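This is run_10.txt. It holds compact mmCIF, C-alpha atoms.
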```txt
# COMPACT_ATOMS: atom_id res chain seq x y z
CA MET A 1 110.38 89.10 110.70
CA THR A 2 109.65 85.54 111.74
CA THR A 3 111.98 85.52 114.74
CA PRO A 4 110.52 88.63 116.45
CA LEU A 5 107.00 87.31 115.89
CA LEU A 6 107.87 83.94 117.38
CA THR A 7 109.62 85.64 120.29
CA ALA A 8 106.60 87.85 120.97
CA PHE A 9 104.31 84.83 120.77
CA ALA A 10 106.51 82.87 123.19
CA VAL A 11 106.64 85.77 125.64
CA GLY A 12 102.87 86.19 125.44
CA ALA A 13 102.34 82.49 126.04
CA LEU A 14 104.64 82.57 129.07
CA VAL A 15 102.85 85.59 130.51
CA LEU A 16 99.46 83.96 129.95
CA ALA A 17 100.66 80.72 131.56
CA ALA A 18 101.99 82.67 134.54
CA LEU A 19 98.69 84.53 134.94
CA MET A 20 96.67 81.31 134.70
CA GLY A 21 99.01 79.62 137.15
CA SER A 22 98.63 82.50 139.58
CA ALA A 23 94.84 82.38 139.19
CA PHE A 24 94.88 78.64 139.88
CA VAL A 25 96.92 79.06 143.07
CA LEU A 26 94.73 81.95 144.22
CA THR A 27 91.59 79.87 143.56
CA TRP A 28 93.00 76.91 145.47
CA LEU A 29 93.93 79.07 148.46
CA ILE A 30 90.54 80.78 148.57
CA ALA A 31 88.65 77.49 148.21
CA ARG A 32 90.71 75.94 151.00
CA GLY A 33 90.11 78.91 153.28
CA VAL A 34 86.37 78.98 152.61
CA THR A 35 85.98 75.25 153.28
CA ARG A 36 87.86 75.59 156.57
CA ARG A 37 85.78 78.58 157.61
CA LEU A 38 82.45 77.03 156.57
CA PRO A 39 82.63 73.26 157.21
CA PRO A 40 79.57 71.02 156.88
CA ARG A 41 77.02 71.88 159.55
CA GLY A 42 74.75 68.86 159.03
CA ARG A 43 75.07 65.16 158.33
CA PHE A 44 75.72 63.06 155.23
CA LEU A 45 73.42 60.51 153.69
CA ASP A 46 74.99 57.97 151.33
CA LEU A 47 72.44 57.13 148.65
CA PRO A 48 72.93 54.80 145.68
CA GLN A 49 73.06 57.89 143.43
CA GLY A 50 75.63 59.67 145.58
CA ARG A 51 76.27 61.47 148.86
CA ILE A 52 73.95 64.20 150.15
CA HIS A 53 74.63 66.74 152.88
CA TYR A 54 71.56 67.78 154.86
CA LEU A 55 70.62 69.60 158.03
CA GLU A 56 67.64 68.55 160.14
CA ALA A 57 65.92 70.14 163.13
CA GLY A 58 62.58 70.05 164.93
CA SER A 59 59.68 67.63 164.93
CA GLY A 60 56.21 67.47 163.49
CA ARG A 61 55.03 67.49 159.91
CA PRO A 62 58.09 67.37 157.63
CA LEU A 63 59.20 70.23 155.41
CA VAL A 64 61.92 69.59 152.82
CA PHE A 65 63.78 72.63 151.45
CA VAL A 66 65.49 72.69 148.03
CA HIS A 67 67.68 75.72 147.25
CA GLY A 68 68.29 77.51 143.99
CA LEU A 69 71.10 78.00 141.47
CA GLY A 70 74.47 78.62 143.08
CA GLY A 71 72.95 78.39 146.55
CA GLN A 72 73.12 75.87 149.38
CA LEU A 73 71.17 74.99 152.51
CA GLY A 74 72.52 78.09 154.28
CA ASN A 75 70.02 80.12 152.25
CA PHE A 76 67.33 78.60 154.47
CA ALA A 77 69.35 78.03 157.64
CA TYR A 78 70.09 81.79 157.73
CA ALA A 79 66.68 82.71 159.12
CA LEU A 80 63.93 80.21 158.31
CA LEU A 81 65.20 77.17 160.22
CA ASP A 82 64.73 78.69 163.67
CA ARG A 83 61.35 80.13 162.70
CA LEU A 84 59.92 76.77 161.60
CA SER A 85 61.68 74.03 163.57
CA ASP A 86 59.54 74.69 166.66
CA ARG A 87 56.49 73.42 164.73
CA PHE A 88 57.84 71.25 161.92
CA ARG A 89 60.48 68.67 161.17
CA VAL A 90 62.65 70.76 158.88
CA VAL A 91 65.10 69.12 156.45
CA LEU A 92 67.44 71.37 154.46
CA ILE A 93 69.27 69.75 151.56
CA ASP A 94 72.40 70.68 149.64
CA ARG A 95 71.56 69.73 146.06
CA PRO A 96 74.20 67.60 144.26
CA GLY A 97 77.18 69.73 143.31
CA SER A 98 76.18 72.47 145.76
CA GLY A 99 77.21 73.27 149.31
CA HIS A 100 78.81 70.14 150.72
CA SER A 101 77.01 67.59 148.51
CA PRO A 102 79.55 66.32 145.96
CA ARG A 103 78.83 65.51 142.34
CA SER A 104 81.20 64.02 139.79
CA TRP A 105 82.15 66.37 136.97
CA ARG A 106 80.76 63.77 134.56
CA ALA A 107 77.52 63.10 136.46
CA PRO A 108 74.24 64.32 134.90
CA ALA A 109 72.57 67.38 136.41
CA GLY A 110 69.10 67.11 134.85
CA LEU A 111 65.98 68.13 136.77
CA PRO A 112 64.43 64.62 136.86
CA GLY A 113 67.68 63.17 138.22
CA GLN A 114 67.90 65.80 140.93
CA ALA A 115 64.25 65.14 141.81
CA ASP A 116 65.05 61.44 142.10
CA ARG A 117 67.88 62.29 144.51
CA ILE A 118 65.50 64.34 146.67
CA SER A 119 63.01 61.46 146.63
CA GLY A 120 65.79 59.20 147.89
CA VAL A 121 66.38 61.54 150.84
CA ILE A 122 62.66 61.58 151.64
CA ARG A 123 62.47 57.79 151.59
CA HIS A 124 65.64 57.14 153.58
CA LEU A 125 64.72 59.65 156.28
CA GLY A 126 61.21 58.20 156.51
CA LEU A 127 59.48 61.51 155.82
CA GLU A 128 55.73 61.01 155.44
CA ARG A 129 54.22 63.16 152.70
CA PRO A 130 56.39 66.24 153.31
CA ILE A 131 55.69 69.70 151.97
CA VAL A 132 58.56 70.41 149.57
CA VAL A 133 59.71 74.03 149.61
CA GLY A 134 61.65 74.95 146.48
CA HIS A 135 63.35 78.30 145.89
CA SER A 136 64.28 79.59 142.41
CA LEU A 137 65.85 76.67 140.47
CA GLY A 138 64.89 74.54 143.47
CA GLY A 139 61.30 75.29 142.48
CA ALA A 140 61.87 73.59 139.12
CA VAL A 141 63.42 70.61 140.92
CA ALA A 142 60.40 70.49 143.25
CA LEU A 143 58.03 70.56 140.28
CA ALA A 144 59.95 67.68 138.71
CA LEU A 145 59.61 65.85 142.02
CA GLY A 146 55.86 66.52 142.10
CA LEU A 147 55.46 65.17 138.58
CA GLY A 148 57.76 62.18 139.04
CA HIS A 149 56.86 61.16 142.60
CA PRO A 150 53.40 62.59 143.38
CA ARG A 151 52.53 59.89 145.92
CA LEU A 152 55.63 60.63 147.95
CA ILE A 153 54.88 64.26 148.83
CA GLY A 154 52.03 66.25 150.33
CA GLY A 155 52.41 69.41 148.26
CA LEU A 156 54.72 72.03 146.83
CA ALA A 157 55.40 75.47 148.35
CA LEU A 158 57.48 77.35 145.78
CA ILE A 159 59.27 80.63 146.46
CA ALA A 160 60.30 82.69 143.41
CA PRO A 161 60.40 79.47 141.36
CA LEU A 162 61.75 78.93 137.88
CA THR A 163 58.72 77.46 136.09
CA GLN A 164 59.12 78.39 132.42
CA PRO A 165 61.81 77.94 129.74
CA GLN A 166 64.12 80.95 129.57
CA ASP A 167 65.21 82.55 126.30
CA THR A 168 68.04 84.39 128.04
CA VAL A 169 70.14 83.72 131.12
CA PRO A 170 69.58 86.20 133.98
CA ALA A 171 72.46 88.68 134.10
CA PRO A 172 74.01 87.47 137.40
CA PHE A 173 74.41 83.94 136.00
CA ARG A 174 75.66 84.52 132.44
CA LEU A 175 79.21 83.49 133.28
CA LEU A 176 77.81 80.04 134.11
CA ALA A 177 76.51 79.45 130.57
CA ILE A 178 79.48 77.30 129.50
CA ARG A 179 78.50 74.18 127.56
CA SER A 180 81.90 72.49 127.29
CA SER A 181 82.79 70.52 130.41
CA LEU A 182 86.53 71.01 129.81
CA LEU A 183 86.19 74.76 129.36
CA ARG A 184 83.92 74.87 132.43
CA LEU A 185 86.58 73.07 134.45
CA ALA A 186 89.32 75.42 133.21
CA VAL A 187 87.29 78.54 134.04
CA ALA A 188 86.29 77.12 137.44
CA TRP A 189 89.95 76.74 138.45
CA THR A 190 91.26 80.02 137.03
CA LEU A 191 88.91 82.92 136.26
CA ALA A 192 85.67 82.11 138.11
CA THR A 193 86.77 82.88 141.67
CA PRO A 194 88.61 86.17 140.98
CA LEU A 195 85.72 87.35 138.78
CA ALA A 196 83.18 86.33 141.43
CA ILE A 197 85.02 88.46 143.98
CA LEU A 198 85.22 91.44 141.61
CA ARG A 199 81.55 91.14 140.61
CA SER A 200 80.16 90.19 144.02
CA ARG A 201 78.68 93.58 144.90
CA SER A 202 76.80 94.03 141.62
CA VAL A 203 75.67 90.40 141.45
CA LEU A 204 74.34 90.38 145.02
CA ALA A 205 72.61 93.72 144.46
CA THR A 206 70.69 92.14 141.58
CA VAL A 207 69.96 88.83 143.29
CA PHE A 208 68.74 90.49 146.52
CA GLY A 209 67.40 93.74 145.12
CA PRO A 210 65.40 95.77 145.81
CA ASP A 211 66.06 94.39 149.30
CA ALA A 212 69.38 94.97 151.07
CA VAL A 213 72.08 92.33 151.18
CA PRO A 214 72.68 91.21 154.80
CA ALA A 215 76.24 91.98 155.89
CA ASP A 216 76.70 88.47 157.30
CA PHE A 217 75.21 86.53 154.38
CA GLY A 218 78.63 85.33 153.24
CA THR A 219 79.27 83.50 156.53
CA ARG A 220 75.94 82.94 158.26
CA GLY A 221 74.14 82.34 154.96
CA GLY A 222 76.97 80.32 153.42
CA GLY A 223 77.39 82.70 150.49
CA LEU A 224 81.19 82.38 150.55
CA LEU A 225 80.86 78.72 149.54
CA GLY A 226 80.02 79.98 146.06
CA LEU A 227 83.66 81.09 145.63
CA ARG A 228 84.89 77.50 145.39
CA PRO A 229 85.57 76.05 141.91
CA SER A 230 83.35 73.06 142.68
CA SER A 231 80.44 75.44 143.30
CA PHE A 232 80.99 77.26 140.01
CA TYR A 233 81.26 73.99 138.12
CA GLY A 234 78.14 72.56 139.75
CA ALA A 235 76.10 75.71 139.15
CA SER A 236 77.18 75.81 135.51
CA MET A 237 76.08 72.19 135.08
CA ASP A 238 72.74 73.01 136.72
CA LEU A 239 72.14 76.04 134.50
CA ASN A 240 72.77 74.16 131.26
CA ALA A 241 70.77 71.12 132.35
CA ALA A 242 67.81 73.26 133.41
CA GLY A 243 67.82 75.04 130.06
CA ALA A 244 67.57 71.69 128.31
CA ASP A 245 64.93 70.22 130.64
CA MET A 246 62.52 73.11 131.22
CA PRO A 247 60.50 72.83 127.97
CA ALA A 248 59.60 69.19 128.65
CA LEU A 249 58.91 69.91 132.33
CA ALA A 250 56.60 72.85 131.56
CA ALA A 251 54.68 70.77 129.03
CA ARG A 252 53.75 68.35 131.82
CA TYR A 253 52.24 70.87 134.26
CA PRO A 254 48.66 69.87 133.36
CA ASP A 255 49.55 66.42 134.78
CA LEU A 256 50.34 67.77 138.26
CA ALA A 257 48.47 65.84 140.92
CA VAL A 258 49.71 67.58 144.09
CA PRO A 259 48.72 70.91 145.67
CA VAL A 260 50.92 73.80 144.53
CA ALA A 261 51.40 77.24 146.09
CA VAL A 262 53.72 80.00 144.84
CA LEU A 263 55.11 83.06 146.62
CA TYR A 264 56.74 85.78 144.53
CA GLY A 265 58.24 89.16 145.32
CA THR A 266 56.88 91.81 142.98
CA GLY A 267 60.33 93.43 142.76
CA ASP A 268 62.18 90.24 141.77
CA ARG A 269 65.14 91.16 139.53
CA VAL A 270 66.14 87.59 138.65
CA LEU A 271 62.90 85.93 137.51
CA CYS A 272 59.73 87.65 136.31
CA PRO A 273 56.77 87.05 138.68
CA SER A 274 54.20 87.31 135.88
CA GLU A 275 56.09 84.94 133.60
CA HIS A 276 56.92 82.30 136.18
CA GLY A 277 54.20 82.76 138.82
CA GLU A 278 51.22 83.52 136.64
CA GLY A 279 52.62 81.29 133.90
CA LEU A 280 52.43 78.28 136.19
CA LYS A 281 48.95 79.26 137.32
CA ARG A 282 47.78 79.37 133.70
CA ALA A 283 49.19 75.90 133.06
CA TRP A 284 47.91 74.50 136.37
CA PRO A 285 44.90 76.61 137.45
CA GLY A 286 44.82 75.00 140.88
CA THR A 287 48.03 76.85 141.76
CA ARG A 288 47.73 79.34 144.62
CA LEU A 289 49.75 82.46 143.76
CA ASP A 290 50.66 85.07 146.40
CA LEU A 291 52.49 88.27 145.45
CA VAL A 292 54.28 90.30 148.12
CA PRO A 293 56.71 93.23 148.18
CA GLY A 294 60.33 92.21 147.88
CA GLY A 295 62.95 90.62 145.67
CA HIS A 296 64.25 87.19 144.80
CA MET A 297 65.79 86.24 148.15
CA LEU A 298 62.67 86.35 150.31
CA PRO A 299 63.79 83.43 152.54
CA VAL A 300 66.67 85.63 153.71
CA THR A 301 65.23 89.15 153.47
CA ASP A 302 61.68 88.55 154.73
CA PRO A 303 61.81 85.38 156.85
CA ASP A 304 58.86 86.22 159.10
CA ARG A 305 56.51 86.59 156.15
CA VAL A 306 57.90 83.50 154.43
CA ALA A 307 57.71 81.35 157.57
CA ALA A 308 54.10 82.41 158.16
CA TRP A 309 53.26 81.67 154.53
CA ILE A 310 54.82 78.21 154.67
CA ALA A 311 52.99 77.40 157.92
CA ALA A 312 49.69 78.50 156.37
CA ILE A 313 50.33 76.45 153.23
CA ALA A 314 51.19 73.39 155.32
CA ALA A 315 47.92 73.79 157.23
CA GLU A 316 45.97 73.97 153.97
CA MET A 317 47.72 70.99 152.38
CA THR A 318 46.25 68.35 154.64
CA PRO A 319 48.28 65.17 154.30
CA ALA A 320 46.26 62.46 152.60
CA GLU A 321 46.72 58.81 153.33
CA ALA A 322 50.24 58.00 152.26
CA ALA A 323 50.27 55.82 149.21
CA PRO A 324 52.12 52.54 149.60
CA HIS A 325 55.52 52.39 148.00
CA THR A 326 58.45 50.04 148.09
CA ALA A 327 60.81 51.18 150.80
CA ALA A 328 64.37 51.79 149.75
CA PRO A 329 67.12 49.98 151.65
CA SER A 330 68.54 51.89 154.57
CA ALA A 331 71.35 54.25 153.66
CA PRO A 332 74.32 54.75 155.97
CA GLU A 333 74.75 58.17 157.54
CA SER A 334 77.83 59.89 158.76
CA SER A 335 78.32 63.05 160.73
```
Write the structure described by the file as structure tokens, please.
Amino acid sequence: MTTPLLTAFAVGALVLAALMGSAFVLTWLIARGVTRRLPPRGRFLDLPQGRIHYLEAGSGRPLVFVHGLGGQLGNFAYALLDRLSDRFRVVLIDRPGSGHSPRSWRAPAGLPGQADRISGVIRHLGLERPIVVGHSLGGAVALALGLGHPRLIGGLALIAPLTQPQDTVPAPFRLLAIRSSLLRLAVAWTLATPLAILRSRSVLATVFGPDAVPADFGTRGGGLLGLRPSSFYGASMDLNAAGADMPALAARYPDLAVPVAVLYGTGDRVLCPSEHGEGLKRAWPGTRLDLVPGGHMLPVTDPDRVAAWIAAIAAEMTPAEAAPHTAAPSAPESS
């Protein structure tokens, strides 16, 4: 009895190893192809905390854009960049571990640390009191920036922001809820990419719904970059870090000392507008809350409305006299 059992176990182990090996090779090939098809479109800024990829266009009052979970600067470059760069100096940032901004697999991904990285970009680019536009998880990062560096920015314009602790992970992101870094790494290089391809239609329908998913979002919007193992690993780190940091962040909202405006789509299927929009307004009554038809991806699906809203918010948030701060040493840039 023992020999057949051992033989069956050995065969099963070999089959599993072959499947995992095939998944690894497939993941590597897809990641290589995506990176070749969607190379960096901006420049790199080497900060003490690490390298940041960003895209800049236009002139005028600065706007700094911070994307959400699993996204990258293409979420804004898709349609908003051209609509705002004729009036503003627009800076789109790939958060650490996203897009083309690298992050070590051991590096922390907490909200205060990400806010510090954004503050470094603002300082090194010499942006005077920018309006920080944060989308989804980028809204939580922007709030952490407003609390940690209030003298550095002129205000927050948040689109479908995460503002409250979550008891459950939104359905499209549940695969990211892996706490072990080793298991996260193993999944990133084997199962994550094939599963992302298989689930892409249903996930995108939820993330964009009730609005339609643009046919060219994968290329023009950079969505295909999410198929890389580094993107999965970075998003998983972000999700777990945000879950740990949100209670402390939300408790500090009464200390906000910068203007805050929020735009939410009433049909959002990822985050609840009443929980996260009205919840922030209850904690910080000075928050301006605007509700409009649409889903979670308003920067892509309704760019005219969003661009007009951002321009109006920027006009309302009159830049005060910039508070003095110690300038950071110049950081080298590379193209």
Go ahead and compute the interatomic distance for atom CA of A:Gly267 and atom CA of A:Ala283, in Å to one decimal.
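These atoms are spaced 22.9 Å apart.
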Counting only C-alpha atoms, figure out which residue out of A:Ala311, A:Val258, A:Ala250, A:Val25 gets nearest to A:Arg151.
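Result for the nearest residue to A:Arg151: A:Val258.
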For a test of reading the model, state the distance in Å between atom CA of A:His53 and atom CA of A:Gln72, rounded to one decimal.
9.9 Å
By how many Å are atom CA of A:Leu158 and atom CA of A:Gly226 apart?
22.7 Å
Near A:Val262, counting only C-alpha atoms, which residues have an atom at most 7 Å away, once you skip same-chain residues fewer than 6 positions from it, shown as a VMD selection string?
chain A and resid 157 to 159 277 288 to 290
Which of A:Phe208, A:Phe88, A:Tyr233, A:Phe44 sits closest to A:Trp189 [using all atoms listed in the file]
A:Tyr233
Can you check which parts of stretch 227-331 of chain A lie within 12 Å of stretch 172-187 of chain A? Per residue, the shortest pair of atoms and distance in Å to one decimal, counting all atoms listed in the file, sorted by chain and number, as a Markdown table.
```
| residue | atom | partner | partner_atom | distance |
| --- | --- | --- | --- | --- |
| A:Arg228 | CA | A:Val187 | CA | 11.6 |
| A:Pro229 | CA | A:Leu185 | CA | 8.1 |
| A:Ser230 | CA | A:Leu185 | CA | 8.8 |
| A:Ser231 | CA | A:Leu176 | CA | 10.6 |
| A:Phe232 | CA | A:Leu176 | CA | 7.3 |
| A:Tyr233 | CA | A:Arg184 | CA | 6.3 |
| A:Gly234 | CA | A:Leu176 | CA | 9.4 |
| A:Ala235 | CA | A:Leu176 | CA | 6.9 |
| A:Ser236 | CA | A:Leu176 | CA | 4.5 |
| A:Met237 | CA | A:Leu176 | CA | 8.1 |
| A:Asp238 | CA | A:Leu176 | CA | 9.1 |
| A:Leu239 | CA | A:Ala177 | CA | 6.8 |
| A:Asn240 | CA | A:Ala177 | CA | 6.5 |
| A:Ala241 | CA | A:Arg179 | CA | 9.6 |
| A:Ala242 | CA | A:Ala177 | CA | 11.0 |
| A:Gly243 | CA | A:Ala177 | CA | 9.8 |
| A:Ala244 | CA | A:Arg179 | CA | 11.2 |
| A:Arg269 | CA | A:Pro172 | CA | 9.8 |
| A:Val270 | CA | A:Pro172 | CA | 8.0 |
| A:Leu271 | CA | A:Pro172 | CA | 11.2 |
```
Requested write-out: C-alpha atoms of the selected residues, as a PDB file, keeping the file's coordinate frame:
```pdb
ATOM      1  CA  ARG A 228      84.890  77.500 145.390  1.00  0.00           C
ATOM      2  CA  PRO A 229      85.570  76.050 141.910  1.00  0.00           C
ATOM      3  CA  SER A 230      83.350  73.060 142.680  1.00  0.00           C
ATOM      4  CA  SER A 231      80.440  75.440 143.300  1.00  0.00           C
ATOM      5  CA  PHE A 232      80.990  77.260 140.010  1.00  0.00           C
ATOM      6  CA  TYR A 233      81.260  73.990 138.120  1.00  0.00           C
ATOM      7  CA  GLY A 234      78.140  72.560 139.750  1.00  0.00           C
ATOM      8  CA  ALA A 235      76.100  75.710 139.150  1.00  0.00           C
ATOM      9  CA  SER A 236      77.180  75.810 135.510  1.00  0.00           C
ATOM     10  CA  MET A 237      76.080  72.190 135.080  1.00  0.00           C
ATOM     11  CA  ASP A 238      72.740  73.010 136.720  1.00  0.00           C
ATOM     12  CA  LEU A 239      72.140  76.040 134.500  1.00  0.00           C
ATOM     13  CA  ASN A 240      72.770  74.160 131.260  1.00  0.00           C
ATOM     14  CA  ALA A 241      70.770  71.120 132.350  1.00  0.00           C
ATOM     15  CA  ALA A 242      67.810  73.260 133.410  1.00  0.00           C
ATOM     16  CA  GLY A 243      67.820  75.040 130.060  1.00  0.00           C
ATOM     17  CA  ALA A 244      67.570  71.690 128.310  1.00  0.00           C
ATOM     18  CA  ARG A 269      65.140  91.160 139.530  1.00  0.00           C
ATOM     19  CA  VAL A 270      66.140  87.590 138.650  1.00  0.00           C
ATOM     20  CA  LEU A 271      62.900  85.930 137.510  1.00  0.00           C
TER      21      LEU A 271
END
```
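Shortest atom-to-atom contact with A:Ser200 among A:Leu111, A:Leu291, A:Val169, A:Leu227: A:Leu227, counting only C-alpha atoms.
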A:Leu81 surroundings by only C-alpha atoms, 9 Å radius, close-in-sequence under 2 positions cut, as a ChimeraX atom specification
/A:56-58,76-79,83-86,90-92,307
Residues within 6 Å of (60.8, 82.1, 148.0), file coordinates, counting only C-alpha atoms: what are they? Give the list as a VMD selection string.
chain A and resid 135 159 to 160 263 298 to 299
So which one's closest to A:Leu80, A:Phe24, A:Gly294, A:Leu63, A:Ala312? Using all atoms listed in the file, please.
A:Leu63
Excluding A:Gly113 and any residue of its chain fewer than 5 positions from it, enumerate the residues within 12 Å of it, using all atoms listed in the file, and give them as a PyMOL selection string.
chain A and resi 49-50+95-96+107-108+118-120+140-142+144-145+148-149+238+241-242+245
Kindly export the residues of the current selection with C-alpha atoms, as a PDB file, keeping the file's coordinate frame.
```pdb
ATOM      1  CA  GLN A  49      73.060  57.890 143.430  1.00  0.00           C
ATOM      2  CA  GLY A  50      75.630  59.670 145.580  1.00  0.00           C
ATOM      3  CA  ARG A  95      71.560  69.730 146.060  1.00  0.00           C
ATOM      4  CA  PRO A  96      74.200  67.600 144.260  1.00  0.00           C
ATOM      5  CA  ALA A 107      77.520  63.100 136.460  1.00  0.00           C
ATOM      6  CA  PRO A 108      74.240  64.320 134.900  1.00  0.00           C
ATOM      7  CA  ILE A 118      65.500  64.340 146.670  1.00  0.00           C
ATOM      8  CA  SER A 119      63.010  61.460 146.630  1.00  0.00           C
ATOM      9  CA  GLY A 120      65.790  59.200 147.890  1.00  0.00           C
ATOM     10  CA  ALA A 140      61.870  73.590 139.120  1.00  0.00           C
ATOM     11  CA  VAL A 141      63.420  70.610 140.920  1.00  0.00           C
ATOM     12  CA  ALA A 142      60.400  70.490 143.250  1.00  0.00           C
ATOM     13  CA  ALA A 144      59.950  67.680 138.710  1.00  0.00           C
ATOM     14  CA  LEU A 145      59.610  65.850 142.020  1.00  0.00           C
ATOM     15  CA  GLY A 148      57.760  62.180 139.040  1.00  0.00           C
ATOM     16  CA  HIS A 149      56.860  61.160 142.600  1.00  0.00           C
ATOM     17  CA  ASP A 238      72.740  73.010 136.720  1.00  0.00           C
ATOM     18  CA  ALA A 241      70.770  71.120 132.350  1.00  0.00           C
ATOM     19  CA  ALA A 242      67.810  73.260 133.410  1.00  0.00           C
ATOM     20  CA  ASP A 245      64.930  70.220 130.640  1.00  0.00           C
TER      21      ASP A 245
END
```
Name all residues at most 9 Å from A:Leu191 (count only C-alpha atoms; drop same-chain ones fewer than 3 positions away) and give them as a list in words.
Met20, Ala23, Phe24, Thr27, Ala186, Val187, Ala188, Pro194, Leu195 and Ala196 of chain A
Between A:Ser98, A:Ser104, A:Gln164, A:Ser59, which is the closest to A:His276 once you count all atoms listed in the file?
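Among the listed residues, A:Gln164 lies closest to A:His276.
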Got a sec: who's within 6 Å of A:Leu162, counting all atoms listed in the file, leaving out chain neighbours fewer than 5 positions off, as a list in words?
Ser136, Leu137, Gly139 and Ala140 of chain A
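Shortest atom-to-atom contact with A:His296 among A:Ala115, A:Pro150, A:Asn75, A:Gly279: A:Asn75, counting all atoms listed in the file.
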